[in-house]
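Novice: Input file: model_19.cif. Contents: mmCIF, C-alpha atoms.
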```cif
data_start
loop_
_atom_site.label_atom_id
_atom_site.label_comp_id
_atom_site.auth_asym_id
_atom_site.auth_seq_id
_atom_site.Cartn_x
_atom_site.Cartn_y
_atom_site.Cartn_z
CA MET A 21 -8.93 -0.39 -23.23
CA SER A 22 -6.48 -1.09 -20.44
CA ILE A 23 -3.38 -3.16 -20.99
CA GLU A 24 -2.78 -5.93 -18.46
CA LEU A 25 0.13 -8.19 -17.68
CA ARG A 26 -1.50 -10.97 -19.72
CA HIS A 27 -1.05 -8.88 -22.85
CA LEU A 28 2.68 -8.55 -22.17
CA ARG A 29 3.07 -12.25 -21.35
CA CYS A 30 1.20 -13.20 -24.51
CA PHE A 31 3.30 -10.96 -26.74
CA LEU A 32 6.58 -12.16 -25.21
CA ALA A 33 5.54 -15.78 -25.70
CA ILE A 34 4.80 -15.07 -29.37
CA ALA A 35 8.13 -13.27 -29.77
CA GLU A 36 10.10 -16.10 -28.16
CA GLU A 37 8.25 -18.96 -29.86
CA SER A 38 7.93 -17.26 -33.30
CA SER A 39 4.61 -19.05 -33.60
CA LEU A 40 1.05 -18.35 -32.50
CA THR A 41 0.42 -22.06 -32.13
CA ARG A 42 3.42 -22.72 -29.91
CA ALA A 43 2.74 -19.53 -27.90
CA ALA A 44 -0.84 -20.71 -27.31
CA ALA A 45 0.37 -24.12 -26.11
CA ARG A 46 2.92 -22.48 -23.79
CA LEU A 47 0.26 -20.20 -22.27
CA HIS A 48 -2.39 -22.95 -22.15
CA LEU A 49 -4.69 -20.88 -24.34
CA THR A 50 -6.39 -21.40 -27.68
CA GLN A 51 -4.78 -19.92 -30.77
CA PRO A 52 -7.75 -17.57 -31.39
CA ALA A 53 -7.43 -16.24 -27.82
CA VAL A 54 -3.74 -15.51 -28.43
CA SER A 55 -4.55 -13.79 -31.71
CA ARG A 56 -7.21 -11.62 -30.07
CA THR A 57 -4.86 -10.65 -27.24
CA LEU A 58 -2.12 -9.67 -29.68
CA ALA A 59 -4.58 -7.68 -31.80
CA ALA A 60 -5.83 -5.80 -28.73
CA LEU A 61 -2.27 -4.92 -27.75
CA GLU A 62 -1.43 -3.70 -31.26
CA GLN A 63 -4.62 -1.62 -31.36
CA HIS A 64 -3.74 0.01 -28.05
CA LEU A 65 -0.20 0.83 -29.19
CA GLY A 66 -1.30 1.88 -32.66
CA ALA A 67 1.43 -0.20 -34.26
CA ARG A 68 1.86 -3.58 -35.90
CA LEU A 69 4.12 -5.71 -33.67
CA VAL A 70 4.10 -8.98 -35.62
CA ASP A 71 4.46 -9.49 -39.36
CA ARG A 72 1.99 -12.20 -40.41
CA SER A 73 2.56 -11.80 -44.18
CA THR A 74 5.09 -14.62 -44.43
CA HIS A 75 4.97 -18.32 -43.58
CA HIS A 76 7.29 -17.68 -40.63
CA LEU A 77 6.04 -15.22 -38.02
CA ALA A 78 8.48 -12.37 -37.40
CA LEU A 79 8.54 -9.23 -35.27
CA THR A 80 8.33 -5.87 -36.96
CA ALA A 81 10.79 -3.11 -36.06
CA GLU A 82 8.19 -1.77 -33.62
CA GLY A 83 7.75 -5.26 -32.21
CA ARG A 84 11.49 -5.68 -31.59
CA ALA A 85 11.62 -2.34 -29.80
CA PHE A 86 8.55 -3.16 -27.73
CA GLN A 87 9.91 -6.59 -26.79
CA ASP A 88 12.70 -5.09 -24.69
CA ARG A 89 10.32 -2.73 -22.91
CA ALA A 90 7.75 -5.44 -22.28
CA ALA A 91 10.36 -7.81 -20.87
CA ALA A 92 11.73 -5.10 -18.55
CA ALA A 93 8.24 -4.16 -17.34
CA LEU A 94 7.30 -7.77 -16.63
CA ALA A 95 10.59 -8.44 -14.82
CA ALA A 96 10.14 -5.33 -12.68
CA PHE A 97 6.63 -6.39 -11.72
CA GLU A 98 7.68 -9.92 -10.81
CA ALA A 99 10.59 -8.60 -8.75
CA ALA A 100 8.28 -6.21 -6.90
CA VAL A 101 5.91 -8.98 -5.81
CA ASP A 102 8.55 -11.64 -5.15
CA PRO A 103 8.38 -12.46 -1.40
CA ALA A 104 11.99 -13.65 -1.37
CA ARG A 105 13.27 -10.36 -2.77
CA LEU A 106 11.11 -8.42 -0.33
CA ARG A 107 12.67 -10.26 2.59
CA HIS A 108 16.13 -9.45 1.31
CA ARG A 109 15.70 -5.70 0.80
CA PRO A 110 17.85 -3.58 3.13
CA LEU A 111 16.63 -3.14 6.69
CA ARG A 112 16.89 0.58 7.47
CA LEU A 113 17.61 1.22 11.15
CA GLY A 114 17.22 4.84 12.23
CA HIS A 115 18.60 6.66 15.25
CA ALA A 116 18.65 10.28 16.34
CA TRP A 117 22.00 10.05 18.11
CA SER A 118 24.34 7.44 19.63
CA ALA A 119 22.59 4.53 17.87
CA PHE A 120 22.81 1.46 20.14
CA GLY A 121 25.53 2.92 22.34
CA PRO A 122 28.33 0.41 23.08
CA TYR A 123 26.31 -2.33 21.41
CA THR A 124 26.26 -0.65 17.98
CA THR A 125 29.35 -2.34 16.56
CA PRO A 126 28.49 -5.82 17.91
CA LEU A 127 25.01 -5.52 16.39
CA LEU A 128 26.28 -4.44 12.97
CA ARG A 129 29.00 -7.10 12.86
CA ARG A 130 26.81 -9.93 14.03
CA TRP A 131 24.01 -8.96 11.66
CA GLN A 132 26.40 -8.90 8.70
CA ARG A 133 27.69 -12.32 9.67
CA GLU A 134 24.33 -13.97 10.26
CA HIS A 135 22.12 -12.15 7.72
CA PRO A 136 24.36 -11.23 4.77
CA GLU A 137 21.37 -11.46 2.43
CA THR A 138 19.64 -8.52 4.18
CA PRO A 139 21.90 -5.46 4.57
CA LEU A 140 21.40 -3.48 7.78
CA GLU A 141 21.63 0.25 7.03
CA LEU A 142 22.18 2.55 10.03
CA LEU A 143 20.76 6.04 9.37
CA ARG A 144 20.97 9.08 11.63
CA ILE A 145 17.84 11.20 11.30
CA ASP A 146 17.17 14.18 13.57
CA ASP A 147 13.60 13.40 14.50
CA ARG A 148 11.90 12.17 17.67
CA THR A 149 11.28 8.74 16.08
CA ALA A 150 14.39 8.89 13.83
CA GLY A 151 12.25 8.94 10.70
CA LEU A 152 10.14 5.91 11.65
CA THR A 153 6.72 7.57 11.65
CA ARG A 154 7.55 9.30 8.36
CA GLY A 155 8.42 5.99 6.70
CA GLU A 156 12.08 6.85 6.16
CA VAL A 157 13.28 3.79 8.11
CA ASP A 158 11.93 0.34 8.97
CA ALA A 159 12.94 0.36 12.64
CA ALA A 160 14.58 2.80 15.02
CA LEU A 161 16.71 2.84 18.15
CA LEU A 162 15.19 5.50 20.38
CA ARG A 163 15.71 6.84 23.88
CA GLY A 164 13.04 7.80 26.33
CA PRO A 165 9.30 7.02 26.23
CA VAL A 166 7.85 6.32 22.78
CA ASP A 167 4.18 7.24 22.52
CA ALA A 168 3.73 7.69 18.76
CA PRO A 169 0.66 5.79 17.52
CA GLY A 170 1.09 2.75 15.29
CA LEU A 171 4.45 1.69 16.68
CA ALA A 172 5.48 -1.49 18.47
CA THR A 173 8.37 -1.20 20.90
CA GLU A 174 10.81 -3.29 22.89
CA GLU A 175 12.71 -1.70 25.75
CA LEU A 176 16.16 -3.26 25.50
CA THR A 177 18.11 -1.58 28.26
CA THR A 178 18.55 1.67 30.17
CA GLU A 179 21.40 4.17 30.23
CA GLU A 180 22.53 6.39 33.06
CA ARG A 181 22.23 10.11 32.44
CA VAL A 182 25.14 12.50 32.38
CA ALA A 183 25.52 16.25 32.60
CA ALA A 184 27.29 18.01 29.74
CA VAL A 185 28.98 21.25 30.79
CA PRO A 186 31.49 23.66 29.22
CA ALA A 187 34.98 22.24 29.66
CA ASP A 188 36.26 25.50 31.14
CA SER A 189 33.42 25.92 33.66
CA THR A 190 33.62 25.41 37.42
CA LEU A 191 31.08 22.59 37.09
CA ALA A 192 33.63 20.65 35.01
CA GLU A 193 35.97 20.58 38.00
CA ARG A 194 33.59 18.39 39.98
CA SER A 195 33.54 14.57 39.71
CA ARG A 196 29.75 14.36 39.63
CA LEU A 197 26.80 16.71 39.51
CA THR A 198 23.16 16.87 40.51
CA LEU A 199 20.08 18.29 38.84
CA ASP A 200 20.10 21.07 41.38
CA ASP A 201 23.66 21.99 40.31
CA LEU A 202 22.37 22.57 36.78
CA ALA A 203 19.20 24.42 37.75
CA GLY A 204 21.04 27.63 38.57
CA GLY A 205 21.97 28.33 34.96
CA THR A 206 20.73 27.99 31.39
CA VAL A 207 19.94 24.54 29.99
CA VAL A 208 20.39 23.68 26.31
CA LEU A 209 17.50 21.54 25.01
CA ASN A 210 17.35 19.61 21.75
CA THR A 211 13.64 19.99 21.06
CA VAL A 212 13.64 17.95 17.83
CA SER A 213 15.32 14.65 18.65
CA GLY A 214 16.37 15.04 22.29
CA THR A 215 14.66 13.57 25.34
CA THR A 216 15.49 16.13 28.04
CA THR A 217 12.81 18.65 28.98
CA LEU A 218 12.30 20.91 31.96
CA ALA A 219 10.05 18.21 33.41
CA LEU A 220 13.25 16.36 34.40
CA TRP A 221 13.61 18.87 37.28
CA PRO A 222 11.18 19.23 40.19
CA ALA A 223 8.58 21.88 39.51
CA THR A 224 9.99 24.06 42.30
CA ALA A 225 13.60 23.87 41.11
CA ARG A 226 13.62 24.12 37.33
CA PRO A 227 16.16 26.13 35.32
CA ALA A 228 14.96 29.64 34.66
CA ALA A 229 16.35 29.89 31.13
CA THR A 230 16.72 27.57 28.15
CA VAL A 231 18.40 27.55 24.76
CA THR A 232 16.75 25.36 22.13
CA VAL A 233 18.54 23.58 19.28
CA ALA A 234 17.48 21.03 16.65
CA ASN A 235 20.19 18.34 16.70
CA THR A 236 23.04 16.83 18.69
CA ASP A 237 25.77 18.72 16.85
CA ASP A 238 24.20 22.09 17.62
CA TRP A 239 23.56 20.96 21.21
CA LEU A 240 27.28 20.23 21.69
CA ALA A 241 28.31 23.48 20.01
CA ALA A 242 26.04 25.54 22.27
CA ILE A 243 27.40 23.93 25.42
CA ALA A 244 31.01 24.26 24.29
CA ALA A 245 30.37 27.96 23.61
CA GLY A 246 29.22 28.42 27.19
CA ARG A 247 25.61 29.17 26.32
CA GLY A 248 24.36 26.62 28.83
CA VAL A 249 24.58 23.05 30.15
CA GLY A 250 22.82 19.90 29.02
CA VAL A 251 21.65 16.46 30.08
CA SER A 252 21.92 13.32 27.96
CA SER A 253 22.61 9.59 28.13
CA ALA A 254 25.93 7.95 28.96
CA SER A 255 26.27 6.83 25.33
CA THR A 256 26.46 10.45 24.25
CA ALA A 257 29.57 10.90 26.38
CA ALA A 258 31.17 7.82 24.83
CA LEU A 259 30.21 8.36 21.21
CA HIS A 260 30.15 12.17 20.96
CA PRO A 261 33.29 13.50 22.66
CA HIS A 262 33.89 17.21 22.19
CA PRO A 263 36.98 19.18 23.23
CA GLY A 264 34.82 21.97 24.62
CA VAL A 265 32.42 19.74 26.56
CA THR A 266 32.97 17.78 29.77
CA TYR A 267 30.60 15.00 30.78
CA ARG A 268 29.92 14.22 34.43
CA PRO A 269 27.69 11.56 36.07
CA LEU A 270 24.25 12.76 37.11
CA PRO A 271 23.19 10.10 39.62
CA ASP A 272 19.96 11.74 40.80
CA ALA A 273 18.47 11.78 37.28
CA PRO A 274 16.40 8.70 36.33
CA PRO A 275 17.94 6.29 33.80
CA LEU A 276 16.97 6.69 30.16
CA PRO A 277 15.24 3.74 28.40
CA VAL A 278 16.77 2.54 25.13
CA VAL A 279 13.95 1.31 22.91
CA LEU A 280 13.78 -0.53 19.60
CA ALA A 281 10.66 0.55 17.71
CA TRP A 282 9.05 -0.48 14.44
CA ARG A 283 5.72 -0.01 12.68
CA ASP A 284 3.02 -2.24 14.08
CA THR A 285 1.53 -3.00 10.65
CA PHE A 286 3.48 -4.45 7.71
CA PRO A 287 6.92 -4.44 9.38
CA HIS A 288 10.03 -5.36 7.44
CA PRO A 289 10.23 -9.18 7.23
CA ALA A 290 13.55 -9.16 9.11
CA THR A 291 12.27 -7.09 12.05
CA GLY A 292 11.76 -10.11 14.28
CA ALA A 293 15.34 -11.24 13.75
CA LEU A 294 16.59 -7.74 14.59
CA VAL A 295 14.61 -7.62 17.83
CA THR A 296 15.91 -11.03 18.88
CA MET A 297 19.50 -10.17 18.08
CA ALA A 298 19.39 -6.81 19.86
CA ARG A 299 17.90 -8.47 22.93
CA GLU A 300 20.59 -11.17 22.94
CA ILE A 301 23.41 -8.67 22.54
CA VAL A 302 22.21 -6.59 25.47
CA SER A 303 21.77 -9.73 27.57
CA GLY A 304 25.39 -10.69 27.00
CA ASP A 305 24.85 -13.48 24.47
CA SER A 306 26.93 -11.76 21.78
CA GLU A 307 30.61 -11.91 20.95
CA ARG A 308 31.22 -9.17 23.52
CA GLY A 309 29.95 -11.41 26.30
CA ARG A 310 28.92 -8.32 28.21
CA PRO A 311 26.31 -9.06 30.91
CA HIS A 312 23.45 -6.67 31.38
CA PRO A 313 20.06 -6.67 33.11
CA SER A 314 17.35 -8.42 31.10
CA PRO A 315 15.18 -6.24 28.86
CA THR A 316 11.65 -5.39 29.83
CA ARG A 317 8.61 -7.06 28.37
CA HIS A 318 7.51 -6.12 24.87
CA ALA A 319 4.90 -3.39 24.74
CA ARG A 320 2.72 -1.90 22.05
CA HIS A 321 1.57 1.70 21.70
#
```
Could you express the structure from this file as structure tokens?

Specialist:
Amino acid sequence: MSIELRHLRCFLAIAEESSLTRAAARLHLTQPAVSRTLAALEQHLGARLVDRSTHHLALTAEGRAFQDRAAAALAAFEAAVDPARLRHRPLRLGHAWSAFGPYTTPLLRRWQREHPETPLELLRIDDRTAGLTRGEVDAALLRGPVDAPGLATEELTTEERVAAVPADSTLAERSRLTLDDLAGGTVVLNTVSGTTTLALWPATARPAATVTVANTDDWLAAIAAGRGVGVSSASTAALHPHPGVTYRPLPDAPPLPVVLAWRDTFPHPATGALVTMAREIVSGDSERGRPHPSPTRHARH
């Protein structure tokens, strides 16, 4: 036979009431039904849980030991299906690099102030969707187009692109660069979580050589070592300074979209609040009061 939650509830009522009659009244059952349920549970466990040999019902040693386990199991089940607790579980926000750029701290501070019951956990995961499609996070701040199936997205803002060059190179001496300036050498590409590909250059003027890496740290190290140059967003320059890397504006490269993404089905209950807050912060309605162009319309992929 299979043991169900009703068996645990029945036994715990008997243990707490010390009476089959009172347990039956508490559970709105007949006394024979309570007796049958208890007997079925004891048969399944192969142990006597209740001593019925005296005038006053008492738990056996096995019954006292099982009471703690039954209470813990029932509490765990009720916690798992409690909608209130589900809403208050941490909201895991992934990012591959640079998070929300200059808006990261305002978002974290405002969320903590307005939603203290739901912790916002910022997690860096080197993956194109920052762990979202693998279920490691509930939402993600991403850059560039997001075409993974099953995700809903909101484009919040755009960031200008910058060139990242070795600090001791001749390119670092210039105030700004172009894509053509970078095409004459080797380009370092983060093929795991980065957004830059050779398609950023015109087909007739693409770099002849590339070096591939798997994360932002290795990308910076390769550029600093003089193995090539790179292209990234302006937030990378602000949040990932490196003594061996110089960032320069790259005005002829198209801006990079900054997107908030989440799973289209069964999203975290606080996702809507996160989308609204991120949109307001970018629009200048936060404590920073920093104006910015309005975000684009919500889209689904």

Novice: Name every residue that the PyMOL selection byres ((chain A and resi 66-80) around 12) selects in this structure, writing the answer as number ranges by chain with chains first and numbers rising.

Specialist: A: 28, 31-43, 55, 58-65, 81-87, 90

Novice: Can you work out which one of A:Thr266, A:Thr232, A:Thr291, A:Ser118 has the shortest atom-to-atom distance to Ala187 (chain A), counting all atoms listed in the file?

Specialist: A:Thr266

Novice: Mind telling me what the PyMOL selection byres ((chain A and resi 221) around 12) catches here, as a ChimeraX atom specification?

Specialist: /A:198-204,207,216-220,222-228,251,272-274

Novice: The PyMOL selection byres ((chain A and resi 151) around 12) - which residues does that actually catch in the file I just gave you? List them as a VMD selection string.

Specialist: chain A and resid 112 to 116 142 to 150 152 to 162 168 212 to 213 281 to 283

Novice: For Arg196 (chain A), list every protein, DNA or RNA residue within 12 Å, evaluated using all atoms listed in the file, and leave out those in the same chain fewer than 5 positions away; present the list as a PyMOL selection string.

Specialist: chain A and resi 181-185+190-191+201-202+266-273

Novice: Measuring between only C-alpha atoms, which one of A:Arg130, A:His262, A:Arg163, A:Arg109 shows the shortest distance to His288 (chain A)?

Specialist: A:Arg109

Novice: State, in Å with one decimal place, the distance from CA of Arg299 (chain A) to CA of Val278 (chain A).

Specialist: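 Between these atoms lies a distance of 11.3 Å.
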
Novice: By how many Å are CA of Ala290 (chain A) and CA of Thr125 (chain A) apart?

Specialist: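 Separation between CA of Ala290 (chain A) and CA of Thr125 (chain A): 18.8 Å.
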
Novice: For CA of Leu276 (chain A) and CA of Thr178 (chain A), quote the distance in Å rounded to one decimal.

Specialist: 5.3 Å

Novice: Kindly indicate which residue among A:His27, A:Pro289, A:Pro165, A:Leu259 lies nearest to Val54 (chain A), using all atoms listed in the file for the distances.

Specialist: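 Smallest separation from Val54 (chain A) among the options: A:His27.
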
Novice: Would you kindly return, as a list of chain:residue names, each protein, DNA or RNA residue with an atom no farther than 7 Å from any atom of Ala234 (chain A), considering only C-alpha atoms and excluding same-chain residues fewer than 4 positions away?

Specialist: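 Everything that qualifies: A:Asn210, A:Thr211, A:Val212, A:Asp238.
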
Novice: Mind rebuilding region 79-97 of chain A with N, CA and C atoms and writing that out as a tab-separated table (two decimals), keeping the file's coordinate frame?

Specialist:
```
chain	number	residue	atom	x	y	z
A	79	LEU	N	8.85	-10.52	-35.89
A	79	LEU	CA	8.54	-9.23	-35.27
A	79	LEU	C	8.85	-8.11	-36.24
A	80	THR	N	8.03	-7.08	-36.20
A	80	THR	CA	8.33	-5.87	-36.96
A	80	THR	C	9.38	-5.06	-36.19
A	81	ALA	N	9.83	-3.97	-36.76
A	81	ALA	CA	10.79	-3.11	-36.06
A	81	ALA	C	10.17	-2.58	-34.77
A	82	GLU	N	8.88	-2.23	-34.84
A	82	GLU	CA	8.19	-1.77	-33.62
A	82	GLU	C	8.08	-2.91	-32.61
A	83	GLY	N	7.86	-4.11	-33.11
A	83	GLY	CA	7.75	-5.26	-32.21
A	83	GLY	C	9.05	-5.56	-31.50
A	84	ARG	N	10.18	-5.44	-32.21
A	84	ARG	CA	11.49	-5.68	-31.59
A	84	ARG	C	11.77	-4.63	-30.52
A	85	ALA	N	11.40	-3.39	-30.79
A	85	ALA	CA	11.62	-2.34	-29.80
A	85	ALA	C	10.73	-2.55	-28.58
A	86	PHE	N	9.48	-2.97	-28.84
A	86	PHE	CA	8.55	-3.16	-27.73
A	86	PHE	C	8.92	-4.39	-26.90
A	87	GLN	N	9.56	-5.37	-27.51
A	87	GLN	CA	9.91	-6.59	-26.79
A	87	GLN	C	10.81	-6.29	-25.59
A	88	ASP	N	11.79	-5.42	-25.80
A	88	ASP	CA	12.70	-5.09	-24.69
A	88	ASP	C	11.95	-4.39	-23.56
A	89	ARG	N	11.06	-3.46	-23.93
A	89	ARG	CA	10.32	-2.73	-22.91
A	89	ARG	C	9.34	-3.63	-22.17
A	90	ALA	N	8.70	-4.52	-22.90
A	90	ALA	CA	7.75	-5.44	-22.28
A	90	ALA	C	8.45	-6.39	-21.32
A	91	ALA	N	9.61	-6.90	-21.73
A	91	ALA	CA	10.36	-7.81	-20.87
A	91	ALA	C	10.82	-7.11	-19.60
A	92	ALA	N	11.28	-5.85	-19.72
A	92	ALA	CA	11.73	-5.10	-18.55
A	92	ALA	C	10.57	-4.82	-17.61
A	93	ALA	N	9.41	-4.46	-18.17
A	93	ALA	CA	8.24	-4.16	-17.34
A	93	ALA	C	7.78	-5.41	-16.60
A	94	LEU	N	7.74	-6.53	-17.26
A	94	LEU	CA	7.30	-7.77	-16.63
A	94	LEU	C	8.29	-8.21	-15.55
A	95	ALA	N	9.57	-8.07	-15.82
A	95	ALA	CA	10.59	-8.44	-14.82
A	95	ALA	C	10.50	-7.55	-13.60
A	96	ALA	N	10.26	-6.25	-13.81
A	96	ALA	CA	10.14	-5.33	-12.68
A	96	ALA	C	8.93	-5.67	-11.82
A	97	PHE	N	7.83	-6.02	-12.48
A	97	PHE	CA	6.63	-6.39	-11.72
A	97	PHE	C	6.87	-7.66	-10.90
```
